[in-house]
$ cat upload_14.txt   # compact mmCIF, C-alpha atoms and all ligand atoms
# COMPACT_ATOMS: atom_id res chain seq x y z
CA MET A 100 99.47 23.76 -130.77
CA LYS A 101 100.82 26.86 -129.00
CA ILE A 102 98.22 28.98 -127.21
CA LEU A 103 99.01 32.38 -125.76
CA VAL A 104 96.68 33.51 -122.96
CA LEU A 105 96.22 37.19 -122.10
CA ASN A 106 94.52 38.26 -118.89
CA ALA A 107 94.40 42.06 -118.97
CA GLY A 108 93.34 43.81 -115.75
CA SER A 109 93.13 47.51 -114.91
CA SER A 110 96.64 47.79 -113.48
CA THR A 111 98.24 44.44 -114.24
CA LEU A 112 98.43 42.18 -117.25
CA LYS A 113 99.23 38.49 -117.05
CA SER A 114 100.12 36.26 -119.94
CA CYS A 115 101.30 32.71 -120.49
CA LEU A 116 102.10 30.33 -123.29
CA TYR A 117 100.90 26.73 -123.30
CA GLU A 118 101.74 23.91 -125.64
CA LEU A 119 98.80 21.54 -126.09
CA ASN A 120 98.71 18.23 -127.87
CA ASP A 121 95.85 16.38 -129.53
CA VAL A 122 94.71 14.83 -126.28
CA LEU A 123 94.11 17.09 -123.30
CA SER A 124 95.37 16.00 -119.93
CA ASP A 125 93.01 16.68 -117.02
CA ARG A 126 95.82 18.02 -114.88
CA PRO A 127 97.06 21.45 -116.01
CA PRO A 128 100.52 21.39 -117.54
CA GLN A 129 103.17 23.97 -116.66
CA PRO A 130 103.10 26.93 -119.05
CA LEU A 131 106.20 27.15 -121.24
CA TRP A 132 106.51 30.85 -120.40
CA SER A 133 104.60 33.25 -118.17
CA ALA A 134 104.84 37.00 -117.70
CA GLN A 135 103.23 39.79 -115.75
CA ILE A 136 103.25 43.55 -116.28
CA ASP A 137 102.40 45.73 -113.30
CA TRP A 138 101.70 49.45 -113.66
CA THR A 139 100.76 50.08 -110.02
CA HIS A 140 104.09 51.19 -108.60
CA GLN A 141 105.03 54.33 -110.52
CA GLN A 142 103.08 56.46 -112.97
CA GLY A 143 104.02 55.55 -116.56
CA ILE A 144 106.47 52.85 -115.46
CA ALA A 145 105.80 49.20 -116.22
CA GLU A 146 107.37 46.44 -114.13
CA LEU A 147 107.83 43.25 -116.10
CA LYS A 148 108.43 39.81 -114.58
CA VAL A 149 108.97 36.76 -116.78
CA LYS A 150 109.68 33.12 -116.02
CA THR A 151 110.00 30.01 -118.14
CA ALA A 152 109.34 26.32 -117.54
CA THR A 153 113.09 25.76 -117.69
CA GLY A 154 113.61 28.10 -114.74
CA ASP A 155 114.91 31.24 -116.49
CA ARG A 156 113.73 34.52 -115.02
CA LEU A 157 113.79 38.18 -115.99
CA GLU A 158 112.73 41.30 -114.13
CA GLU A 159 112.88 44.81 -115.52
CA GLU A 160 111.24 48.23 -115.45
CA PHE A 161 110.57 50.36 -118.50
CA THR A 162 108.61 53.44 -119.49
CA SER A 163 105.51 52.44 -121.37
CA GLU A 164 103.77 54.90 -123.67
CA SER A 165 100.84 52.58 -124.33
CA ARG A 166 99.54 49.11 -123.58
CA THR A 167 100.53 47.95 -127.07
CA ASP A 168 104.12 49.07 -126.40
CA ALA A 169 104.21 47.26 -123.08
CA ILE A 170 102.70 44.08 -124.54
CA SER A 171 105.20 44.20 -127.45
CA ARG A 172 108.08 44.40 -124.99
CA MET A 173 106.63 41.55 -122.95
CA LEU A 174 106.25 39.36 -126.07
CA GLU A 175 109.83 40.09 -127.11
CA THR A 176 110.92 38.08 -124.08
CA LEU A 177 109.26 35.04 -125.70
CA TRP A 178 111.69 34.94 -128.63
CA LYS A 179 114.70 36.98 -127.47
CA GLY A 180 117.16 36.99 -124.59
CA LYS A 181 117.50 34.60 -121.68
CA THR A 182 113.77 33.78 -121.42
CA GLN A 183 113.55 32.85 -125.12
CA THR A 184 111.02 30.04 -125.50
CA ILE A 185 110.11 30.08 -129.21
CA ASN A 186 111.93 31.14 -132.38
CA ASP A 187 109.43 33.77 -133.39
CA LEU A 188 105.85 34.88 -132.75
CA THR A 189 104.53 33.11 -135.86
CA GLU A 190 104.71 29.88 -133.82
CA ILE A 191 101.70 31.07 -131.82
CA ASP A 192 98.55 29.39 -133.16
CA ILE A 193 95.84 31.09 -131.09
CA VAL A 194 95.50 33.91 -128.58
CA GLY A 195 92.91 33.54 -125.81
CA HIS A 196 91.66 36.58 -123.90
CA ARG A 197 89.85 36.73 -120.60
CA VAL A 198 86.87 39.05 -121.05
CA VAL A 199 84.94 39.86 -117.90
CA HIS A 200 81.50 40.70 -119.28
CA GLY A 201 79.86 38.87 -122.17
CA GLY A 202 76.33 40.06 -121.38
CA GLN A 203 73.33 38.04 -122.50
CA GLU A 204 74.74 37.62 -126.03
CA TYR A 205 77.91 35.64 -125.33
CA GLN A 206 77.13 32.48 -123.45
CA GLN A 207 80.27 30.66 -124.53
CA SER A 208 83.80 31.32 -125.70
CA THR A 209 83.83 32.96 -129.12
CA LEU A 210 86.18 33.70 -132.01
CA ILE A 211 86.73 37.47 -131.93
CA SER A 212 85.27 39.38 -134.89
CA PRO A 213 84.43 43.10 -135.33
CA ASP A 214 80.92 42.28 -133.99
CA VAL A 215 82.33 40.64 -130.87
CA LYS A 216 84.61 43.64 -130.25
CA GLU A 217 81.67 45.98 -130.71
CA ALA A 218 79.70 43.96 -128.11
CA ILE A 219 82.61 43.99 -125.64
CA ALA A 220 82.80 47.78 -126.06
CA ARG A 221 79.02 48.14 -125.64
CA LEU A 222 79.09 46.00 -122.49
CA SER A 223 81.67 48.37 -120.97
CA VAL A 224 78.78 50.31 -119.44
CA PHE A 225 78.17 47.24 -117.28
CA ALA A 226 81.86 46.55 -116.55
CA PRO A 227 83.65 49.92 -116.83
CA VAL A 228 86.77 48.78 -114.97
CA HIS A 229 87.30 45.56 -116.91
CA ASN A 230 85.85 45.42 -120.43
CA PRO A 231 87.74 48.48 -121.81
CA VAL A 232 91.12 47.06 -120.72
CA ASN A 233 90.17 43.61 -122.04
CA LEU A 234 89.40 45.25 -125.39
CA GLU A 235 92.67 47.19 -125.34
CA GLY A 236 94.49 43.87 -124.86
CA ILE A 237 92.63 42.35 -127.81
CA GLU A 238 93.43 45.30 -130.06
CA ALA A 239 97.07 45.32 -129.02
CA MET A 240 97.37 41.62 -129.89
CA GLU A 241 95.59 42.16 -133.21
CA ASN A 242 98.22 44.78 -134.08
CA ILE A 243 101.10 42.55 -133.08
CA LEU A 244 99.73 39.26 -134.51
CA PRO A 245 97.23 40.28 -137.23
CA ASN A 246 96.90 36.79 -138.73
CA VAL A 247 96.40 34.78 -135.56
CA PRO A 248 92.85 33.87 -134.45
CA GLN A 249 91.82 35.49 -131.16
CA ILE A 250 89.29 33.94 -128.81
CA ALA A 251 87.29 35.70 -126.09
CA VAL A 252 86.61 33.61 -122.97
CA PHE A 253 83.96 35.28 -120.81
CA ASP A 254 83.79 35.29 -117.01
CA THR A 255 80.00 35.51 -117.19
CA ALA A 256 79.54 32.56 -119.58
CA PHE A 257 79.63 29.78 -116.98
CA HIS A 258 76.52 31.28 -115.35
CA ALA A 259 74.59 31.56 -118.63
CA GLN A 260 72.23 28.75 -117.69
CA LEU A 261 70.93 30.28 -114.45
CA ALA A 262 67.15 30.01 -114.29
CA PRO A 263 65.14 33.26 -114.54
CA ALA A 264 64.20 33.01 -110.84
CA ALA A 265 67.92 33.15 -110.05
CA PHE A 266 68.90 35.92 -112.48
CA VAL A 267 65.96 38.36 -112.57
CA TYR A 268 66.01 41.15 -109.96
CA PRO A 269 62.68 41.83 -108.30
CA GLY A 270 62.74 45.48 -109.47
CA PRO A 271 60.59 46.82 -112.31
CA TYR A 272 60.28 44.44 -115.28
CA GLU A 273 61.93 47.05 -117.56
CA TRP A 274 65.23 46.39 -115.80
CA LEU A 275 65.31 42.94 -117.31
CA GLU A 276 64.50 44.34 -120.77
CA ASN A 277 67.41 46.76 -120.37
CA GLY A 278 69.93 44.10 -119.39
CA ILE A 279 69.79 44.90 -115.66
CA ARG A 280 69.86 41.34 -114.34
CA ARG A 281 72.22 39.03 -112.50
CA TYR A 282 75.11 37.72 -114.63
CA GLY A 283 77.57 36.26 -112.14
CA PHE A 284 81.38 36.40 -112.45
CA HIS A 285 84.53 34.35 -111.70
CA GLY A 286 83.00 31.82 -114.10
CA ILE A 287 86.33 30.71 -115.56
CA SER A 288 87.58 29.84 -112.06
CA HIS A 289 84.34 28.13 -110.93
CA GLN A 290 84.30 26.08 -114.15
CA TYR A 291 87.92 24.98 -113.70
CA CYS A 292 87.36 24.08 -110.03
CA ALA A 293 84.23 22.04 -110.80
CA ARG A 294 86.06 19.88 -113.32
CA GLN A 295 89.09 19.55 -111.07
CA ALA A 296 86.83 18.53 -108.16
CA ALA A 297 85.37 15.69 -110.23
CA ASP A 298 88.90 14.60 -111.08
CA ILE A 299 90.10 14.65 -107.45
CA LEU A 300 87.00 12.74 -106.30
CA GLY A 301 87.21 10.29 -109.20
CA ARG A 302 83.56 10.97 -109.97
CA ASP A 303 81.61 12.10 -112.98
CA LEU A 304 80.98 15.87 -113.01
CA SER A 305 77.48 15.22 -114.29
CA ASP A 306 76.75 13.42 -111.04
CA LEU A 307 77.92 16.02 -108.52
CA ARG A 308 76.44 18.84 -106.45
CA LEU A 309 79.21 21.33 -105.69
CA ILE A 310 79.61 24.70 -104.00
CA SER A 311 82.68 26.54 -105.20
CA CYS A 312 83.97 29.32 -102.90
CA HIS A 313 86.27 31.64 -104.86
CA LEU A 314 87.76 33.77 -102.07
CA GLY A 315 90.40 36.17 -103.40
CA ASN A 316 90.35 39.97 -103.38
CA GLY A 317 86.96 39.50 -105.04
CA CYS A 318 84.80 36.74 -103.55
CA SER A 319 81.94 34.74 -105.02
CA LEU A 320 80.20 31.41 -104.61
CA ALA A 321 78.69 29.18 -107.27
CA ALA A 322 76.22 26.36 -106.79
CA ILE A 323 77.04 23.79 -109.48
CA ARG A 324 74.81 20.86 -110.37
CA ASP A 325 75.85 18.38 -113.10
CA GLY A 326 78.64 20.80 -114.09
CA VAL A 327 76.19 23.69 -114.59
CA SER A 328 76.06 26.85 -112.46
CA VAL A 329 72.54 27.06 -110.99
CA ASP A 330 73.15 29.92 -108.57
CA THR A 331 75.88 32.40 -107.71
CA THR A 332 76.43 35.32 -105.35
CA MET A 333 77.74 38.03 -107.70
CA GLY A 334 75.09 39.68 -109.82
CA PHE A 335 74.75 42.60 -112.22
CA THR A 336 78.27 43.61 -111.21
CA PRO A 337 81.03 41.92 -109.18
CA LEU A 338 79.89 44.01 -106.21
CA GLU A 339 76.97 41.83 -105.12
CA GLY A 340 77.13 39.00 -102.62
CA LEU A 341 79.90 38.19 -100.15
CA MET A 342 81.99 40.66 -98.19
CA MET A 343 85.31 41.07 -100.06
CA GLY A 344 88.78 42.60 -99.60
CA SER A 345 87.71 46.18 -100.32
CA ARG A 346 84.18 45.65 -101.73
CA SER A 347 81.12 45.68 -99.53
CA GLY A 348 79.18 42.87 -101.18
CA SER A 349 75.41 43.06 -100.69
CA ILE A 350 74.05 45.86 -98.53
CA ASP A 351 70.60 47.37 -98.08
CA PRO A 352 69.99 49.55 -101.20
CA GLY A 353 68.18 51.92 -98.84
CA ILE A 354 71.64 53.00 -97.61
CA LEU A 355 72.48 54.18 -101.14
CA ILE A 356 69.25 56.18 -101.38
CA HIS A 357 69.95 57.70 -97.98
CA LEU A 358 73.50 58.71 -98.96
CA LEU A 359 72.58 60.02 -102.41
CA LYS A 360 69.96 62.30 -100.86
CA GLN A 361 72.78 64.15 -99.10
CA SER A 362 73.50 67.16 -101.27
CA ASP A 363 77.26 66.71 -101.64
CA PHE A 364 77.16 62.99 -102.36
CA THR A 365 77.93 61.74 -105.87
CA ALA A 366 77.77 58.44 -107.73
CA GLU A 367 81.59 58.54 -108.04
CA LYS A 368 81.94 58.83 -104.28
CA LEU A 369 79.59 55.90 -103.81
CA ASP A 370 81.57 53.84 -106.33
CA ASP A 371 84.79 54.63 -104.48
CA LEU A 372 83.28 53.78 -101.09
CA LEU A 373 81.67 50.49 -102.08
CA ASN A 374 84.38 49.17 -104.41
CA ARG A 375 87.59 50.42 -102.84
CA ASN A 376 86.97 51.39 -99.21
CA SER A 377 84.55 48.82 -97.84
CA GLY A 378 84.79 45.13 -97.04
CA LEU A 379 87.68 43.90 -94.86
CA LYS A 380 89.54 47.16 -95.49
CA GLY A 381 86.60 49.43 -94.70
CA ILE A 382 85.65 47.70 -91.45
CA SER A 383 89.13 46.95 -90.10
CA GLY A 384 90.84 50.16 -91.22
CA VAL A 385 93.90 47.88 -91.48
CA SER A 386 93.99 46.23 -94.89
CA SER A 387 92.05 44.35 -97.53
CA ASP A 388 94.61 41.56 -97.20
CA MET A 389 93.49 38.62 -95.06
CA ARG A 390 97.06 37.96 -93.90
CA GLN A 391 97.43 41.44 -92.41
CA LEU A 392 93.96 41.22 -90.92
CA VAL A 393 94.74 37.97 -89.10
CA GLN A 394 97.99 39.45 -87.85
CA ALA A 395 96.17 42.52 -86.52
CA ILE A 396 93.72 40.21 -84.73
CA THR A 397 96.59 38.44 -82.97
CA GLN A 398 97.69 41.89 -81.75
CA GLY A 399 94.25 42.46 -80.25
CA ASN A 400 92.78 44.73 -82.95
CA GLN A 401 89.00 44.71 -82.34
CA ARG A 402 87.99 46.18 -85.69
CA ALA A 403 90.03 43.54 -87.51
CA GLN A 404 88.22 40.88 -85.47
CA LEU A 405 84.85 42.42 -86.37
CA ALA A 406 85.81 42.44 -90.06
CA LEU A 407 86.68 38.73 -89.95
CA ASP A 408 83.48 37.94 -88.02
CA ILE A 409 81.33 39.68 -90.67
CA TYR A 410 83.28 37.97 -93.47
CA ILE A 411 82.63 34.53 -91.95
CA HIS A 412 78.99 35.29 -91.10
CA ARG A 413 78.29 36.28 -94.69
CA LEU A 414 80.30 33.43 -96.16
CA ARG A 415 78.27 30.93 -94.12
CA ALA A 416 75.03 32.64 -95.13
CA GLY A 417 76.07 32.51 -98.78
CA ILE A 418 76.96 28.81 -98.56
CA GLY A 419 73.57 28.21 -96.93
CA ALA A 420 71.83 29.95 -99.83
CA MET A 421 73.76 27.90 -102.40
CA LEU A 422 72.91 24.76 -100.45
CA ALA A 423 69.22 25.55 -100.72
CA SER A 424 69.56 26.03 -104.49
CA LEU A 425 71.27 22.64 -104.82
CA GLY A 426 69.12 20.69 -102.38
CA GLY A 427 72.17 18.80 -101.09
CA LEU A 428 75.93 18.79 -101.37
CA ASP A 429 78.67 16.38 -102.40
CA ALA A 430 81.66 18.71 -102.07
CA LEU A 431 82.53 22.18 -100.85
CA ILE A 432 85.45 23.73 -102.73
CA PHE A 433 87.78 26.48 -101.48
CA THR A 434 89.88 28.34 -104.02
CA ALA A 435 91.80 31.62 -104.75
CA GLY A 436 94.13 33.51 -102.36
CA VAL A 437 92.10 33.23 -99.16
CA GLY A 438 90.34 29.95 -100.00
CA GLU A 439 93.62 28.20 -100.80
CA ASN A 440 95.70 29.66 -97.98
CA SER A 441 93.57 30.41 -94.95
CA PRO A 442 92.86 27.44 -92.64
CA VAL A 443 91.13 29.89 -90.28
CA VAL A 444 88.53 30.89 -92.87
CA ARG A 445 87.98 27.32 -94.08
CA ALA A 446 87.52 25.98 -90.54
CA ALA A 447 85.13 28.76 -89.53
CA ALA A 448 83.05 28.38 -92.69
CA CYS A 449 82.80 24.60 -92.31
CA GLU A 450 81.97 24.67 -88.62
CA ALA A 451 78.47 25.97 -89.38
CA PHE A 452 77.67 22.89 -91.47
CA GLY A 453 78.58 20.25 -88.90
CA PHE A 454 74.82 19.66 -88.38
CA MET A 455 74.68 18.00 -91.80
CA GLY A 456 77.66 15.79 -91.17
CA LEU A 457 80.30 17.98 -92.84
CA GLN A 458 83.53 17.51 -90.93
CA LEU A 459 87.01 18.81 -91.61
CA ASP A 460 90.18 16.89 -90.87
CA GLY A 461 91.82 19.59 -88.69
CA GLU A 462 95.35 18.47 -89.46
CA LYS A 463 94.90 18.34 -93.22
CA ASN A 464 93.28 21.78 -93.06
CA GLN A 465 96.32 23.23 -91.25
CA GLN A 466 98.80 21.92 -93.85
CA SER A 467 99.00 23.79 -97.13
CA PRO A 468 96.80 21.48 -99.13
CA VAL A 469 96.71 21.91 -102.88
CA ASP A 470 94.17 19.97 -104.92
CA ARG A 471 93.36 17.82 -101.91
CA ASP A 472 90.38 16.56 -99.97
CA ILE A 473 90.62 17.94 -96.41
CA ALA A 474 87.39 16.45 -95.04
CA ALA A 475 87.47 13.88 -92.24
CA VAL A 476 87.22 10.31 -93.50
CA ASP A 477 83.64 9.92 -92.23
CA SER A 478 82.46 13.40 -93.32
CA ALA A 479 79.12 13.33 -95.17
CA VAL A 480 80.44 16.05 -97.54
CA ARG A 481 83.90 16.25 -99.09
CA VAL A 482 85.86 19.50 -98.65
CA LEU A 483 88.39 20.30 -101.36
CA VAL A 484 91.12 22.93 -101.64
CA ILE A 485 91.81 23.60 -105.30
CA HIS A 486 94.43 25.91 -106.74
CA THR A 487 92.48 27.81 -109.38
CA GLN A 488 94.11 27.99 -112.81
CA GLU A 489 92.10 30.43 -114.88
CA ASP A 490 94.78 30.78 -117.56
CA TRP A 491 94.78 27.06 -118.16
CA GLU A 492 90.98 27.08 -118.40
CA ILE A 493 91.21 29.84 -121.04
CA ALA A 494 93.79 27.78 -122.98
CA ARG A 495 91.46 24.76 -122.85
CA GLU A 496 88.57 26.81 -124.21
CA CYS A 497 90.78 27.97 -127.11
CA TRP A 498 91.86 24.39 -127.76
CA LYS A 499 88.23 23.22 -127.91
CA ILE A 500 87.32 25.95 -130.40
CA ALA A 501 90.37 25.22 -132.54
CA LEU A 502 89.48 21.54 -132.58
CA CYS A 503 85.85 22.22 -133.57
CA SER A 504 86.82 24.62 -136.36
CA GLY A 505 89.89 22.70 -137.51
P1 LIG B 601 92.64 38.18 -106.91
O1 LIG B 601 91.21 38.07 -106.50
O2 LIG B 601 93.10 39.60 -107.09
O3 LIG B 601 93.07 37.25 -108.04
P2 LIG B 601 93.98 36.35 -105.11
O4 LIG B 601 93.14 35.19 -105.48
O5 LIG B 601 95.46 36.27 -105.36
O6 LIG B 601 93.46 37.73 -105.63
O7 LIG B 601 93.75 36.57 -103.53
C1 LIG B 601 94.38 37.64 -102.89
C2 LIG B 601 94.12 37.56 -101.42
O8 LIG B 601 94.50 36.27 -100.92
C3 LIG B 601 94.99 38.52 -100.64
O9 LIG B 601 94.40 39.76 -100.53
C4 LIG B 601 95.11 37.85 -99.30
O10 LIG B 601 94.09 38.37 -98.46
C5 LIG B 601 94.80 36.39 -99.56
N1 LIG B 601 95.93 35.53 -99.19
C6 LIG B 601 97.03 35.23 -99.92
N2 LIG B 601 97.85 34.42 -99.23
C7 LIG B 601 97.27 34.21 -98.02
C8 LIG B 601 97.61 33.47 -96.85
N3 LIG B 601 98.75 32.79 -96.78
N4 LIG B 601 96.74 33.49 -95.81
C9 LIG B 601 95.61 34.19 -95.88
N5 LIG B 601 95.22 34.91 -96.94
C10 LIG B 601 96.04 34.92 -98.00
$ encode --input "upload_14.txt" --output "structure tokens"
Amino acid sequence: MKILVLNAGSSTLKSCLYELNDVLSDRPPQPLWSAQIDWTHQQGIAELKVKTATGDRLEEEFTSESRTDAISRMLETLWKGKTQTINDLTEIDIVGHRVVHGGQEYQQSTLISPDVKEAIARLSVFAPVHNPVNLEGIEAMENILPNVPQIAVFDTAFHAQLAPAAFVYPGPYEWLENGIRRYGFHGISHQYCARQAADILGRDLSDLRLISCHLGNGCSLAAIRDGVSVDTTMGFTPLEGLMMGSRSGSIDPGILIHLLKQSDFTAEKLDDLLNRNSGLKGISGVSSDMRQLVQAITQGNQRAQLALDIYIHRLRAGIGAMLASLGGLDALIFTAGVGENSPVVRAAACEAFGFMGLQLDGEKNQQSPVDRDIAAVDSAVRVLVIHTQEDWEIARECWKIALCSG
């Protein structure tokens, strides 16, 4: 079965093609083909990068009138030219889409119908940056492959079983009735990491208490018991919780009231400040990128040091909160750009939990561990670095649906 995965973001679009057999392997296979379109560099110009499992590569720039045009060009590289992987697009059995917000309605992956599309559009008020582009991706694929089933895999779905005490905000009760509640995000990544953790540890997922730290440009934690998310740091939007690359994470809402009372302040300005000019970038004035931040620290930049100190302080506090929700811990997982690549962040986060017997193996932490346990042999808690593979998780969800309906 050939499954095409589409992960459409606001300025980039990633896609890959997997071939799955009747029995799923636990370890993710290599995609047959993967591609990325990036619109960030020049207005109206798309940069396309493609690679195949056999090592062929293609890079090109083209003018793109619309997303459908750009996606069509990208898909051409699947069956034409040096990155050709299949004979034609009819070989694709299913298309899986990452959809950021599934609201209260969609608590698991779903075959896309007009009703599902209507819901994704309606939920755009809650996820204005993501849901509209996810929907555009779906519609583009429907135009290109009208007879192929399309599946929506939601980033919120993994957190669907949070208890009311964890998802209801202590504002007026009407908020809850109007859908203003905590949803949680990065669910596809947390779900993948939880299963992978069980595999690395050789234990049953239904017997584990895990904290998954997804630390990329966006950052969130999930407390996972028996494979189910019981608490998470992101909430109504992906702005709540930890300090992030350019997002503030949680701050006193009184600050927002204070700012909005200033006559020239607008909601748009607030959005820009909190989503794009806060976090590591806002405090350091250097960058939202952890690599550049650490480099600035080595050159004596005090604001960069302060940014890292806040990041660690809040990460530790978040892990502490997840710990309380779990009542104990078998493994702490680090994933995504920072989690997978920054020994400094991992060591600083873990140091705070030495009191409960959590101990890193310093040497293993310094190496570039992928899908490895980096805890000391006698640590009371395992510490895992897992390379998150959201696209593979989406393909798995599609495979499960195909199997159930087939
Ligand atoms: P996204 O959340 O957009 O998917 P990623 O998971 O790729 O992002 O994470 C991006 C971040 O990972 C970068 O901003 C950078 O701070 C961090 N990162 C990547 N490589 C390293 C590294 N070697 N050391 C420290 N941080 C890194």
$ closest_atom_pairs --input "upload_14.txt" --of "chain A" --to "ligand LIG 601 (chain B)" --cutoff "8 Å" --atoms "all atoms listed in the file" --output "CSV"
residue,atom,partner,partner_atom,distance
A:His313,CA,B:LIG601,O4,7.8
A:Leu314,CA,B:LIG601,O4,6.5
A:Gly315,CA,B:LIG601,O7,3.4
A:Asn316,CA,B:LIG601,O1,3.8
A:Gly317,CA,B:LIG601,O1,4.7
A:Cys318,CA,B:LIG601,O1,7.2
A:Gly344,CA,B:LIG601,O9,6.4
A:Ser387,CA,B:LIG601,O9,6.0
A:Asp388,CA,B:LIG601,O10,3.5
A:Met389,CA,B:LIG601,O10,3.5
A:Arg390,CA,B:LIG601,C9,4.5
A:Gln391,CA,B:LIG601,O10,7.6
A:Val393,CA,B:LIG601,C9,7.8
A:Thr434,CA,B:LIG601,O4,7.7
A:Ala435,CA,B:LIG601,O4,3.9
A:Gly436,CA,B:LIG601,O8,3.1
A:Val437,CA,B:LIG601,C5,4.2
A:Gly438,CA,B:LIG601,N5,7.6
A:Glu439,CA,B:LIG601,C7,7.6
A:Asn440,CA,B:LIG601,C8,4.4
A:Ser441,CA,B:LIG601,C9,4.4
A:Pro442,CA,B:LIG601,N4,7.9
$ closest_residue --input "upload_14.txt" --among "A:Leu392, A:Ile193, A:Ala259, A:Leu428" --to "Arg495 of chain A" --atoms "all atoms listed in the file"
A:Ile193
$ atom_distance --input "upload_14.txt" --atom1 "atom CA of Asn464 of chain A" --atom2 "atom CA of Asp408 of chain A"
19.6 Å
$ closest_residue --input "upload_14.txt" --among "A:Thr176, A:Ser171, A:Ser305, A:Asn400" --to "Ser383 of chain A" --atoms "only C-alpha atoms"
A:Asn400
$ closest_residue --input "upload_14.txt" --among "A:Leu431, A:Leu407, A:Leu373, A:Ile144" --to "Val385 of chain A" --atoms "all atoms listed in the file"
A:Leu407
$ atom_distance --input "upload_14.txt" --atom1 "atom CA of Glu276 of chain A" --atom2 "atom CA of Gln206 of chain A"
17.5 Å
$ atom_distance --input "upload_14.txt" --atom1 "atom CA of Asp214 of chain A" --atom2 "atom CA of Gly236 of chain A"
16.4 Å
$ residues_near_point --input "upload_14.txt" --point "(73.6, 20.7, -93.0)" --cutoff "9 Å" --atoms "all atoms listed in the file" --output "JSON list (two decimals) with C-alpha atoms, keeping the file's coordinate frame"
[["chain", "number", "residue", "atom", "x", "y", "z"],
["A", 419, "GLY", "CA", 73.57, 28.21, -96.93],
["A", 422, "LEU", "CA", 72.91, 24.76, -100.45],
["A", 427, "GLY", "CA", 72.17, 18.80, -101.09],
["A", 428, "LEU", "CA", 75.93, 18.79, -101.37],
["A", 451, "ALA", "CA", 78.47, 25.97, -89.38],
["A", 452, "PHE", "CA", 77.67, 22.89, -91.47],
["A", 453, "GLY", "CA", 78.58, 20.25, -88.90],
["A", 454, "PHE", "CA", 74.82, 19.66, -88.38],
["A", 455, "MET", "CA", 74.68, 18.00, -91.80],
["A", 456, "GLY", "CA", 77.66, 15.79, -91.17],
["A", 457, "LEU", "CA", 80.30, 17.98, -92.84]]
$ closest_residue --input "upload_14.txt" --among "A:Gln404, A:Asn106, A:Gln465, A:Gln488" --to "Met240 of chain A" --atoms "only C-alpha atoms"
A:Asn106
$ residues_near_point --input "upload_14.txt" --point "(98.1, 23.3, -106.2)" --cutoff "10 Å" --atoms "all atoms listed in the file" --output "list in words"
Thr434, Glu439, Ser467, Pro468, Val469, Asp470, Arg471, Val484, Ile485, His486, Thr487 and Gln488 of chain A
$ closest_residue --input "upload_14.txt" --among "A:Leu379, A:Leu359, A:Ile493, A:Ala475" --to "Ala395 of chain A" --atoms "only C-alpha atoms"
A:Leu379
$ residues_around --input "upload_14.txt" --residues "Ala251 of chain A" --least-positions-apart "3" --cutoff "12 Å" --atoms "only C-alpha atoms" --output "PyMOL selection string"
chain A and resi 104-107+193-201+205-212+215-216+218-219+230+233-234+236-237+248+254-256+287+493-494+496-497+500
$ write_last_selection --input "upload_14.txt" --atoms "C-alpha atoms" --output "compact mmCIF listing (two decimals), keeping the file's coordinate frame"
# COMPACT_ATOMS: atom_id res chain seq x y z
CA VAL A 104 96.68 33.51 -122.96
CA LEU A 105 96.22 37.19 -122.10
CA ASN A 106 94.52 38.26 -118.89
CA ALA A 107 94.40 42.06 -118.97
CA ILE A 193 95.84 31.09 -131.09
CA VAL A 194 95.50 33.91 -128.58
CA GLY A 195 92.91 33.54 -125.81
CA HIS A 196 91.66 36.58 -123.90
CA ARG A 197 89.85 36.73 -120.60
CA VAL A 198 86.87 39.05 -121.05
CA VAL A 199 84.94 39.86 -117.90
CA HIS A 200 81.50 40.70 -119.28
CA GLY A 201 79.86 38.87 -122.17
CA TYR A 205 77.91 35.64 -125.33
CA GLN A 206 77.13 32.48 -123.45
CA GLN A 207 80.27 30.66 -124.53
CA SER A 208 83.80 31.32 -125.70
CA THR A 209 83.83 32.96 -129.12
CA LEU A 210 86.18 33.70 -132.01
CA ILE A 211 86.73 37.47 -131.93
CA SER A 212 85.27 39.38 -134.89
CA VAL A 215 82.33 40.64 -130.87
CA LYS A 216 84.61 43.64 -130.25
CA ALA A 218 79.70 43.96 -128.11
CA ILE A 219 82.61 43.99 -125.64
CA ASN A 230 85.85 45.42 -120.43
CA ASN A 233 90.17 43.61 -122.04
CA LEU A 234 89.40 45.25 -125.39
CA GLY A 236 94.49 43.87 -124.86
CA ILE A 237 92.63 42.35 -127.81
CA PRO A 248 92.85 33.87 -134.45
CA ASP A 254 83.79 35.29 -117.01
CA THR A 255 80.00 35.51 -117.19
CA ALA A 256 79.54 32.56 -119.58
CA ILE A 287 86.33 30.71 -115.56
CA ILE A 493 91.21 29.84 -121.04
CA ALA A 494 93.79 27.78 -122.98
CA GLU A 496 88.57 26.81 -124.21
CA CYS A 497 90.78 27.97 -127.11
CA ILE A 500 87.32 25.95 -130.40
$ residues_around --input "upload_14.txt" --residues "Cys449 of chain A" --least-positions-apart "6" --cutoff "12 Å" --atoms "all atoms listed in the file" --output "MDAnalysis selection string"
chainID A and resid 312 411:412 414:416 418:419 430:433 442:443 455:461 464 473:475 478 480:483
$ closest_residue --input "upload_14.txt" --among "A:Asp125, A:Asp168, A:Gln183, A:Asp192" --to "Ile250 of chain A" --atoms "all atoms listed in the file"
A:Asp192
